[in-house]
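Engineer: Input protein.txt, format and content: compact mmCIF, C-alpha atoms.
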```
# COMPACT_ATOMS: atom_id res chain seq x y z
CA MET J 1 0.00 0.00 0.00
CA SER J 2 1.10 3.56 -0.56
CA ALA J 3 0.05 6.67 1.29
CA SER J 4 -0.74 8.42 -2.00
CA SER J 5 -3.58 6.07 -2.96
CA ALA J 6 -5.88 7.24 -0.19
CA SER J 7 -5.32 10.94 -0.78
CA THR J 8 -6.03 10.48 -4.49
CA TYR J 9 -9.24 8.66 -3.67
CA ARG J 10 -10.30 11.45 -1.34
CA ARG J 11 -9.70 14.14 -3.98
CA ASP J 12 -11.69 12.15 -6.55
CA ARG J 13 -14.69 11.98 -4.23
CA LEU J 14 -14.57 15.67 -3.43
CA LEU J 15 -14.57 16.55 -7.15
CA THR J 16 -17.46 14.22 -8.02
CA ARG J 17 -20.47 15.99 -9.48
CA GLY J 18 -23.91 14.95 -8.39
CA THR J 19 -26.68 16.03 -6.04
CA ARG J 20 -26.15 17.62 -2.64
CA PHE J 21 -27.76 16.42 0.59
CA ARG J 22 -27.08 17.17 4.22
CA LEU J 23 -26.42 14.12 6.39
CA TYR J 24 -25.65 13.59 10.05
CA PRO J 25 -22.35 11.67 10.19
CA GLN J 26 -23.37 10.41 13.62
CA ALA J 27 -26.79 10.29 15.22
CA PRO J 28 -27.64 13.80 16.48
CA VAL J 29 -28.81 12.31 19.76
CA THR J 30 -25.21 11.45 20.69
CA SER J 31 -23.84 15.00 20.89
CA ALA J 32 -24.66 18.57 19.92
CA ARG J 33 -21.34 18.73 18.06
CA TRP J 34 -22.68 16.62 15.18
CA ARG J 35 -24.25 18.89 12.58
CA PRO J 36 -25.58 17.90 9.18
CA GLU J 37 -22.73 17.78 6.68
CA VAL J 38 -23.10 18.49 2.96
CA VAL J 39 -22.33 15.44 0.84
CA TRP J 40 -22.64 14.62 -2.85
CA VAL J 41 -24.40 11.55 -4.16
CA SER J 42 -23.83 10.26 -7.68
CA PRO J 43 -27.10 11.12 -9.53
CA LEU J 44 -26.65 14.44 -11.28
CA ALA J 45 -28.47 17.52 -9.99
CA GLY J 46 -31.96 17.61 -11.44
CA SER J 47 -32.12 13.84 -11.98
CA VAL J 48 -33.29 13.02 -8.45
CA ARG J 49 -37.06 13.19 -8.59
CA SER J 50 -39.49 14.25 -5.89
CA GLY J 51 -39.63 11.75 -3.07
CA PRO J 52 -36.63 11.81 -3.17
CA ALA J 53 -36.49 9.09 -5.81
CA ASP J 54 -34.27 7.82 -8.61
CA ASP J 55 -33.94 4.71 -10.76
CA ARG J 56 -32.68 2.60 -7.80
CA MET J 57 -34.82 3.71 -4.86
CA TYR J 58 -37.71 5.90 -3.74
CA VAL J 59 -38.98 7.31 -0.43
CA VAL J 60 -42.55 6.74 0.74
CA ASP J 61 -43.24 8.93 3.77
CA ALA J 62 -46.14 7.01 5.28
CA VAL J 63 -48.48 9.17 7.35
CA HIS J 64 -49.23 6.52 9.97
CA LYS J 65 -47.59 3.16 9.40
CA ASP J 66 -47.92 1.42 12.73
CA ARG J 67 -46.82 -2.03 11.61
CA PRO J 68 -43.59 -3.03 9.90
CA TYR J 69 -43.63 -5.15 6.78
CA GLY J 70 -43.75 -8.89 7.43
CA SER J 71 -43.78 -12.18 5.58
CA ARG J 72 -47.28 -11.48 4.24
CA THR J 73 -46.90 -7.78 3.51
CA LEU J 74 -44.51 -6.32 0.96
CA PRO J 75 -44.16 -3.06 -0.99
CA PRO J 76 -45.52 -0.97 -2.44
CA TYR J 77 -47.02 0.89 0.50
CA ARG J 78 -50.64 1.72 -0.29
CA GLY J 79 -51.66 3.84 2.69
CA ALA J 80 -51.78 7.61 3.07
CA ILE J 81 -48.46 9.39 2.48
CA ASN J 82 -47.04 12.85 2.95
CA PRO J 83 -46.26 14.87 -0.20
CA PRO J 84 -43.00 13.76 -1.85
CA VAL J 85 -40.06 15.99 -0.97
CA ARG J 86 -38.94 18.22 -3.83
CA ALA J 87 -35.49 19.42 -4.73
CA GLY J 88 -34.63 23.09 -4.56
CA PRO J 89 -34.53 25.25 -7.70
CA ASP J 90 -30.92 24.15 -8.28
CA GLY J 91 -31.83 20.45 -8.23
CA HIS J 92 -30.24 19.82 -4.80
CA PHE J 93 -31.77 18.82 -1.44
CA ASP J 94 -29.39 20.54 0.96
CA HIS J 95 -31.85 23.39 1.59
CA LEU J 96 -34.11 21.30 3.84
CA GLU J 97 -34.18 22.17 7.53
CA PRO J 98 -33.31 19.60 10.22
CA GLY J 99 -36.27 18.86 12.47
CA THR J 100 -38.75 18.77 9.60
CA ARG J 101 -40.46 15.71 8.20
CA ALA J 102 -39.09 16.58 4.74
CA PHE J 103 -35.52 16.56 6.09
CA MET J 104 -36.07 13.11 7.62
CA ALA J 105 -37.22 11.70 4.29
CA ALA J 106 -34.33 13.30 2.41
CA HIS J 107 -31.83 12.18 5.05
CA MET J 108 -32.88 8.56 4.62
CA TYR J 109 -32.59 8.71 0.84
CA GLY J 110 -29.31 10.64 0.94
CA THR J 111 -27.72 8.21 3.40
CA ILE J 112 -28.75 5.09 1.49
CA ARG J 113 -27.57 6.61 -1.81
CA PHE J 114 -24.28 7.78 -0.27
CA VAL J 115 -23.49 4.35 1.18
CA LEU J 116 -24.48 2.65 -2.08
CA ASP J 117 -22.07 4.92 -3.97
CA VAL J 118 -19.23 4.11 -1.55
CA TRP J 119 -19.61 0.35 -1.79
CA GLU J 120 -20.28 0.18 -5.53
CA ARG J 121 -16.95 1.94 -5.92
CA TYR J 122 -15.19 -0.68 -3.79
CA LEU J 123 -16.95 -3.50 -5.65
CA GLY J 124 -16.18 -1.94 -9.02
CA SER J 125 -19.70 -2.36 -10.38
CA ALA J 126 -23.36 -1.75 -9.64
CA ILE J 127 -24.91 -3.94 -6.93
CA PRO J 128 -28.11 -5.49 -8.30
CA TRP J 129 -31.01 -5.73 -5.87
CA HIS J 130 -31.79 -9.25 -4.70
CA PHE J 131 -35.50 -8.55 -5.26
CA ALA J 132 -35.09 -7.32 -8.84
CA GLN J 133 -37.28 -10.08 -10.29
CA ASP J 134 -40.27 -8.58 -8.47
CA PHE J 135 -39.46 -4.91 -7.81
CA ASN J 136 -37.43 -2.44 -9.85
CA ARG J 137 -36.56 -0.15 -6.95
CA LEU J 138 -35.89 -0.20 -3.22
CA GLU J 139 -38.70 1.35 -1.16
CA LEU J 140 -37.57 3.53 1.77
CA VAL J 141 -40.03 4.20 4.61
CA PRO J 142 -38.53 6.70 7.08
CA VAL J 143 -41.19 6.73 9.80
CA VAL J 144 -42.81 3.59 11.22
CA GLU J 145 -44.33 3.55 14.70
CA TRP J 146 -41.97 0.80 15.82
CA ASN J 147 -38.83 0.36 17.90
CA ASN J 148 -36.54 -1.11 15.25
CA ALA J 149 -35.30 -0.88 11.66
CA GLN J 150 -35.15 -3.57 9.00
CA CYS J 151 -34.12 -4.42 5.46
CA GLY J 152 -36.41 -6.85 3.67
CA TYR J 153 -37.55 -7.95 0.25
CA GLY J 154 -37.81 -4.66 -1.63
CA PHE J 155 -37.67 -2.24 1.29
CA ILE J 156 -35.84 -0.63 4.16
CA GLU J 157 -37.98 0.89 6.90
CA THR J 158 -37.08 2.59 10.15
CA GLY J 159 -38.75 3.24 13.47
CA PHE J 160 -37.47 4.82 16.65
CA ALA J 161 -35.00 4.11 19.42
CA GLY J 162 -37.08 4.35 22.58
CA ALA J 163 -40.36 4.35 20.63
CA GLY J 164 -43.18 5.83 22.69
CA GLU J 165 -40.83 7.62 25.08
CA MET J 166 -40.41 11.36 25.46
CA ARG J 167 -36.84 11.30 24.07
CA SER J 168 -37.31 8.78 21.28
CA HIS J 169 -34.85 9.05 18.39
CA PRO J 170 -35.76 8.36 14.73
CA PHE J 171 -33.50 5.77 13.12
CA CYS J 172 -33.90 7.53 9.76
CA LEU J 173 -31.46 10.14 11.13
CA ASP J 174 -28.92 7.52 12.26
CA PHE J 175 -26.26 6.98 9.59
CA ASP J 176 -24.92 3.80 11.24
CA VAL J 177 -28.32 2.15 11.42
CA LEU J 178 -29.23 3.02 7.81
CA ALA J 179 -25.83 1.87 6.50
CA HIS J 180 -26.19 -1.36 8.48
CA GLU J 181 -29.58 -2.11 6.92
CA LEU J 182 -28.28 -1.41 3.42
CA GLY J 183 -25.38 -3.74 4.20
CA HIS J 184 -27.93 -6.53 4.58
CA ALA J 185 -29.21 -5.77 1.07
CA PHE J 186 -25.65 -6.04 -0.27
CA ILE J 187 -25.14 -9.47 1.29
CA TYR J 188 -28.52 -10.74 0.08
CA SER J 189 -27.47 -9.74 -3.44
CA LEU J 190 -23.88 -10.98 -3.34
CA LEU J 191 -24.31 -14.21 -1.36
CA GLY J 192 -27.89 -15.05 -2.28
CA LEU J 193 -30.71 -16.38 -0.13
CA PRO J 194 -30.55 -19.90 1.34
CA PRO J 195 -33.48 -22.27 0.84
CA LEU J 196 -35.55 -22.44 4.02
CA ASP J 197 -34.14 -25.83 5.00
CA ARG J 198 -30.51 -24.80 4.41
CA VAL J 199 -30.26 -21.52 6.33
CA SER J 200 -27.60 -21.62 9.08
CA ALA J 201 -26.59 -19.68 12.17
CA GLU J 202 -23.36 -18.71 10.41
CA TYR J 203 -25.30 -17.19 7.50
CA PHE J 204 -27.33 -15.00 9.87
CA ALA J 205 -24.27 -14.04 11.93
CA PHE J 206 -22.18 -13.30 8.84
CA HIS J 207 -24.99 -11.01 7.68
CA GLU J 208 -24.91 -9.02 10.90
CA SER J 209 -21.13 -8.72 10.89
CA ALA J 210 -20.99 -7.65 7.24
CA ALA J 211 -23.74 -5.08 7.82
CA ASP J 212 -21.81 -3.61 10.77
CA CYS J 213 -18.64 -3.46 8.68
CA THR J 214 -20.57 -1.75 5.88
CA ALA J 215 -21.45 1.03 8.31
CA MET J 216 -17.99 1.21 9.89
CA ILE J 217 -16.19 1.76 6.58
CA ALA J 218 -18.88 4.05 5.13
CA VAL J 219 -18.78 6.51 8.04
CA LEU J 220 -15.04 7.02 7.45
CA HIS J 221 -16.00 8.87 4.25
CA PHE J 222 -16.96 11.91 6.34
CA ASP J 223 -14.02 14.25 6.84
CA THR J 224 -15.56 15.47 10.10
CA VAL J 225 -15.61 11.93 11.50
CA VAL J 226 -12.02 11.20 10.49
CA ASP J 227 -10.81 14.56 11.83
CA HIS J 228 -12.66 14.14 15.12
CA LEU J 229 -11.50 10.54 15.50
CA LEU J 230 -7.86 11.50 15.11
CA ALA J 231 -8.14 14.66 17.19
CA THR J 232 -9.59 12.72 20.15
CA THR J 233 -7.44 9.58 19.96
CA HIS J 234 -4.23 10.92 18.35
CA GLY J 235 -4.25 7.73 16.30
CA ASN J 236 -4.75 5.31 19.21
CA ILE J 237 -7.91 3.96 17.61
CA TYR J 238 -8.27 1.00 19.95
CA LEU J 239 -9.63 3.53 22.44
CA PRO J 240 -13.47 3.76 22.63
CA ASN J 241 -14.58 6.17 19.91
CA GLU J 242 -17.31 6.92 17.37
CA LEU J 243 -15.83 4.51 14.83
CA ASN J 244 -16.00 1.38 16.95
CA ARG J 245 -19.37 2.16 18.53
CA ILE J 246 -21.85 1.06 15.88
CA GLY J 247 -25.48 2.20 16.01
CA GLU J 248 -25.08 4.77 18.79
CA LEU J 249 -28.19 5.60 20.79
CA SER J 250 -26.60 8.09 23.18
CA ASP J 251 -23.16 9.20 24.32
CA THR J 252 -22.74 5.98 26.32
CA GLU J 253 -25.13 3.48 24.74
CA GLN J 254 -24.67 1.72 21.40
CA LEU J 255 -25.96 -1.39 19.73
CA ARG J 256 -22.59 -3.14 19.26
CA ILE J 257 -18.87 -2.59 19.86
CA ALA J 258 -16.65 -3.23 16.84
CA SER J 259 -13.50 -3.04 18.95
CA ASN J 260 -14.01 -6.15 21.06
CA SER J 261 -11.84 -9.01 22.30
CA LEU J 262 -14.38 -11.77 21.68
CA THR J 263 -13.39 -15.07 20.10
CA MET J 264 -15.66 -17.78 18.74
CA ARG J 265 -15.38 -19.52 22.13
CA ASP J 266 -17.06 -16.55 23.81
CA VAL J 267 -20.28 -16.50 21.75
CA PRO J 268 -23.11 -18.97 21.04
CA HIS J 269 -21.91 -21.90 18.98
CA ARG J 270 -21.95 -21.33 15.24
CA ARG J 271 -23.68 -24.70 14.69
CA THR J 272 -26.66 -23.74 16.85
CA PRO J 273 -29.93 -24.39 14.98
CA PRO J 274 -31.25 -21.03 13.72
CA SER J 275 -34.60 -21.67 15.39
CA ALA J 276 -32.82 -21.65 18.77
CA LEU J 277 -31.17 -18.26 18.19
CA THR J 278 -32.48 -14.92 19.39
CA GLN J 279 -31.79 -11.80 17.34
CA GLN J 280 -29.20 -10.86 19.94
CA ASP J 281 -27.52 -14.26 19.45
CA ARG J 282 -27.23 -13.65 15.69
CA HIS J 283 -25.42 -10.39 16.36
CA ALA J 284 -23.26 -11.95 19.09
CA ILE J 285 -22.00 -14.81 16.91
CA GLY J 286 -20.83 -12.29 14.32
CA LEU J 287 -18.98 -10.03 16.77
CA PRO J 288 -15.63 -11.90 16.62
CA LEU J 289 -15.59 -11.45 12.83
CA THR J 290 -16.49 -7.76 13.17
CA GLY J 291 -13.73 -7.42 15.76
CA ALA J 292 -11.26 -9.07 13.39
CA VAL J 293 -12.15 -6.60 10.62
CA PHE J 294 -11.72 -3.70 13.04
CA ASP J 295 -8.32 -5.11 14.07
CA ILE J 296 -7.31 -5.35 10.40
CA LEU J 297 -8.28 -1.71 9.86
CA VAL J 298 -6.29 -0.53 12.88
CA GLU J 299 -3.28 -2.72 12.17
CA MET J 300 -3.11 -1.62 8.53
CA PHE J 301 -3.32 1.99 9.69
CA GLN J 302 -0.51 1.41 12.16
CA GLN J 303 1.56 -0.42 9.54
CA VAL J 304 1.47 2.70 7.38
CA LEU J 305 2.54 4.76 10.41
CA ILE J 306 5.42 2.36 10.96
CA GLU J 307 6.44 2.57 7.29
CA GLN J 308 6.45 6.36 7.57
CA ARG J 309 8.47 6.06 10.81
CA PHE J 310 5.88 7.94 12.82
CA ILE J 311 5.57 5.09 15.35
CA GLY J 312 7.79 2.13 16.19
CA ARG J 313 6.92 -1.56 16.28
CA GLU J 314 7.10 -1.60 20.07
CA LEU J 315 4.26 0.93 20.31
CA ASP J 316 2.30 -1.07 17.73
CA GLU J 317 2.65 -4.20 19.88
CA LEU J 318 1.78 -2.40 23.12
CA SER J 319 -1.36 -0.87 21.62
CA ARG J 320 -2.94 -4.33 21.20
CA THR J 321 -2.87 -5.16 24.91
CA GLU J 322 -5.83 -4.67 27.22
CA GLU J 323 -3.90 -4.18 30.44
CA GLY J 324 -4.58 -0.98 32.30
CA GLY J 325 -2.56 1.43 34.37
CA VAL J 326 0.92 2.48 33.35
CA ARG J 327 0.95 0.50 30.09
CA VAL J 328 -2.20 2.21 28.77
CA GLU J 329 -0.78 5.59 29.69
CA ALA J 330 2.50 4.76 27.95
CA VAL J 331 0.67 3.76 24.76
CA GLN J 332 -1.32 6.98 24.71
CA ALA J 333 1.77 9.05 25.43
CA GLY J 334 3.51 7.38 22.50
CA PHE J 335 0.66 8.21 20.13
CA ASP J 336 0.47 11.75 21.51
CA ARG J 337 4.11 12.35 20.59
CA ALA J 338 3.77 10.72 17.17
CA TYR J 339 0.59 12.62 16.25
CA ASP J 340 1.82 16.06 17.27
CA GLY J 341 1.98 18.22 14.12
CA ARG J 342 1.12 15.29 11.82
CA HIS J 343 -2.67 15.34 11.57
CA GLU J 344 -2.77 15.30 7.77
CA ALA J 345 -0.21 12.51 7.51
CA PHE J 346 -2.19 10.41 10.03
CA LYS J 347 -5.37 11.16 8.08
CA VAL J 348 -3.88 9.93 4.80
CA ALA J 349 -2.73 6.76 6.56
CA LEU J 350 -6.20 6.12 7.97
CA LEU J 351 -7.89 6.71 4.62
CA ASP J 352 -5.40 4.30 3.03
CA ALA J 353 -6.31 1.64 5.61
CA ARG J 354 -10.02 2.38 5.12
CA ASP J 355 -9.80 1.80 1.38
CA TYR J 356 -7.75 -1.36 1.80
CA VAL J 357 -10.38 -2.83 4.13
CA GLY J 358 -13.22 -1.68 1.86
CA ARG J 359 -11.66 -3.45 -1.11
CA LEU J 360 -10.77 -6.46 1.05
CA LEU J 361 -14.37 -6.89 2.19
CA ALA J 362 -15.79 -6.30 -1.29
CA GLY J 363 -13.54 -8.96 -2.78
CA THR J 364 -14.29 -11.37 0.06
CA TRP J 365 -18.05 -11.02 -0.31
CA ARG J 366 -17.83 -11.70 -4.04
CA MET J 367 -16.13 -15.05 -3.35
CA LEU J 368 -18.80 -16.38 -0.98
CA GLY J 369 -22.24 -17.95 -1.34
CA TRP J 370 -25.21 -18.51 0.95
CA ASN J 371 -23.55 -21.67 2.29
CA VAL J 372 -20.92 -19.42 3.91
CA THR J 373 -18.95 -20.44 6.98
CA PHE J 374 -16.67 -18.19 8.98
CA ASN J 375 -13.68 -20.28 7.97
CA ASP J 376 -14.69 -19.78 4.32
CA ALA J 377 -14.82 -16.05 4.93
CA ALA J 378 -11.39 -16.07 6.60
CA ALA J 379 -9.86 -17.98 3.67
CA ALA J 380 -11.54 -15.63 1.19
CA MET J 381 -10.06 -12.62 2.96
CA VAL J 382 -6.55 -14.04 2.66
CA ALA J 383 -7.16 -14.89 -1.00
CA THR J 384 -8.50 -11.39 -1.69
CA ASP J 385 -5.45 -9.80 -0.08
CA SER J 386 -3.29 -11.84 -2.46
CA GLY J 387 -5.02 -10.16 -5.38
CA LEU J 388 -4.95 -6.69 -3.82
CA THR J 389 -1.40 -6.57 -2.47
CA GLY J 390 0.33 -9.70 -3.76
CA GLY J 391 0.02 -11.21 -0.28
CA VAL J 392 1.62 -8.35 1.68
CA GLY J 393 -1.09 -8.58 4.34
CA ARG J 394 -1.27 -12.38 4.43
CA ASP J 395 0.61 -13.04 7.67
CA LEU J 396 -1.12 -10.22 9.52
CA LEU J 397 -4.58 -11.39 8.38
CA ILE J 398 -3.88 -14.99 9.38
CA GLU J 399 -2.63 -13.86 12.80
CA ILE J 400 -5.67 -11.66 13.47
CA LEU J 401 -8.21 -14.22 12.22
CA ALA J 402 -6.58 -17.10 14.12
CA ARG J 403 -6.64 -15.04 17.31
CA ARG J 404 -10.42 -14.79 16.93
CA GLY J 405 -10.80 -18.56 16.50
CA PHE J 406 -11.07 -18.80 12.71
CA GLU J 407 -9.20 -21.44 10.76
CA ILE J 408 -7.70 -20.68 7.35
CA GLU J 409 -8.42 -23.67 5.17
CA ILE J 410 -9.03 -24.45 1.51
CA ARG J 411 -12.51 -23.24 0.73
CA ARG J 412 -15.08 -25.48 -0.85
CA VAL J 413 -16.28 -24.44 -4.31
CA PRO J 414 -18.83 -21.63 -3.90
CA LEU J 415 -22.34 -21.86 -5.25
CA SER J 416 -22.79 -21.12 -8.92
CA TYR J 417 -24.69 -18.08 -10.10
CA ARG J 418 -27.53 -20.38 -11.24
CA GLU J 419 -27.78 -21.90 -7.75
CA ARG J 420 -27.86 -18.43 -6.15
CA VAL J 421 -30.65 -17.26 -8.46
CA ALA J 422 -32.66 -20.41 -7.78
CA ALA J 423 -32.32 -19.91 -4.04
CA ALA J 424 -33.34 -16.26 -4.29
CA ARG J 425 -36.71 -17.30 -5.71
CA ASP J 426 -37.52 -19.15 -2.49
CA ARG J 427 -38.65 -16.33 -0.21
CA ARG J 428 -40.62 -18.36 2.33
CA TRP J 429 -38.43 -17.24 5.21
CA TRP J 430 -38.97 -13.53 4.62
```
Write out the structure in this file as structure tokens.
Structural biologist:
Amino acid sequence: MSASSASTYRRDRLLTRGTRFRLYPQAPVTSARWRPEVVWVSPLAGSVRSGPADDRMYVVDAVHKDRPYGSRTLPPYRGAINPPVRAGPDGHFDHLEPGTRAFMAAHMYGTIRFVLDVWERYLGSAIPWHFAQDFNRLELVPVVEWNNAQCGYGFIETGFAGAGEMRSHPFCLDFDVLAHELGHAFIYSLLGLPPLDRVSAEYFAFHESAADCTAMIAVLHFDTVVDHLLATTHGNIYLPNELNRIGELSDTEQLRIASNSLTMRDVPHRRTPPSALTQQDRHAIGLPLTGAVFDILVEMFQQVLIEQRFIGRELDELSRTEEGGVRVEAVQAGFDRAYDGRHEAFKVALLDARDYVGRLLAGTWRMLGWNVTFNDAAAAMVATDSGLTGGVGRDLLIEILARRGFEIEIRRVPLSYRERVAAARDRRWW
């Protein structure tokens, strides 16, 4: 890897023409410091229709949808809706005021479009919807009287954290949650849908981990997030921070921690029958894989810092330990000295690591099918690194994955495209 690749990528994104939206990089409930940030999405100004809507997705702002979609209910939504949100005279949507219903609808569309743009770039091609045989576009429902969010067959819909409470928070304003749900759509498309009698605990857990990683990498495309992350940690990213707290609900509460020390021995067994798993179990089984991806991001970042001689290998080794007291203070002091006066250099290194992990995950997902196992995924990551770097990251990946309890073995032949399409037609478990 070279430090120049990330900075080039960043300049390309800043020069991209398209349509402007304002998005919260982090849920506004977490801190008053997070303000909506202007971003560009790929459709050209004037091409995003009222809704907002385009050729891939459309927003339906339901007036009073009190039940989420289920196995017997699918889009399109046929109830009463609020008027579709219109672009400003210049064709952009960044004029909308936070706190309004129109802003909520635009925020959901803008976030989903932004994350789609990020990951289609890493994948190198458009991501077809897994429901394309029945629906042309993804339906987005920003307000459902419900305490959750979900991605399903042809839709993403969001409710509220703390639904019914005085300080409830709409998930349509939570970038992490929206990116996570779109991550599910990516995996449905790339891995396919198992037949009802073949679905496994590992498939569900892999889904949750991949969706979390989708959000973790996507949020690093906000300059404000990267700047704040480095300013508060000085590059010691193993510290608790906005990046490794996924799906934040408040300053101290989040759905999952990406920076965790869990191994496969610490979570429900991956061979557990899916019928015996709770939703929390599905997330828990995937946490060691999410933690491994976070470790890869941090270690690649620190490898660039080592190559640039900003930190030494001793500090790199010390930063991985969990012991408290003097050692933790020494690690932070080391990063403090290294970071001083080098913010931009640290930023380039982090963006380089971000793009490596984005491409690593994209290549890994393309190699897998709905019969995925975690060991398959680990082997696919090593194989993908071989194509990306010629195997430069091989030893580090094997070390990190083995530490989490994954075995690197020869993968079985993945499902054919025909098999994936056939499985996608069986939607009984939706």
Engineer: I'd like the interatomic distance between atom CA of J:Cys172 and atom CA of J:Leu191, to a tenth of an Å.
Structural biologist: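 Going from atom CA of J:Cys172 over to atom CA of J:Leu191, I get 26.2 Å.
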Engineer: Using only C-alpha atoms for the distances, tell me which of J:Phe374, J:Tyr58, J:Trp34, J:Tyr153 is nearest to J:Leu287.
Structural biologist: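 Among J:Phe374, J:Tyr58, J:Trp34, J:Tyr153, it is J:Phe374 that comes nearest to J:Leu287.
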Engineer: Which distance in Å separates atom CA of J:Ser386 and atom CA of J:Leu360, to one decimal?
Structural biologist: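 Value for the atom CA of J:Ser386-atom CA of J:Leu360 distance: 9.9 Å.
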Engineer: With distances taken over all atoms listed in the file, which of J:Ala231, J:Arg313, J:Ala218, J:Ser200 is nearest to J:Arg271?
Structural biologist: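 Residue with the minimum atom-to-atom distance to J:Arg271: J:Ser200.
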Engineer: Can you list, as a list in words, every protein, DNA or RNA residue that comes within 9 Å of stretch 66-69 of chain J when you count only C-alpha atoms, leaving out same-chain residues fewer than 2 positions away?
Structural biologist: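 Here the qualifying residues turn out to be His64, Ser71, Arg72, Thr73, Leu74, Pro75, Val144, Glu145, Trp146, Ala149, Gln150, Gly152, Phe155, Glu157, Thr158 and Gly159 of chain J.
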Engineer: Just give me the gap between atom CA of J:Ala330 and atom CA of J:Leu351 in Å, one decimal is fine.
Structural biologist: 25.6 Å
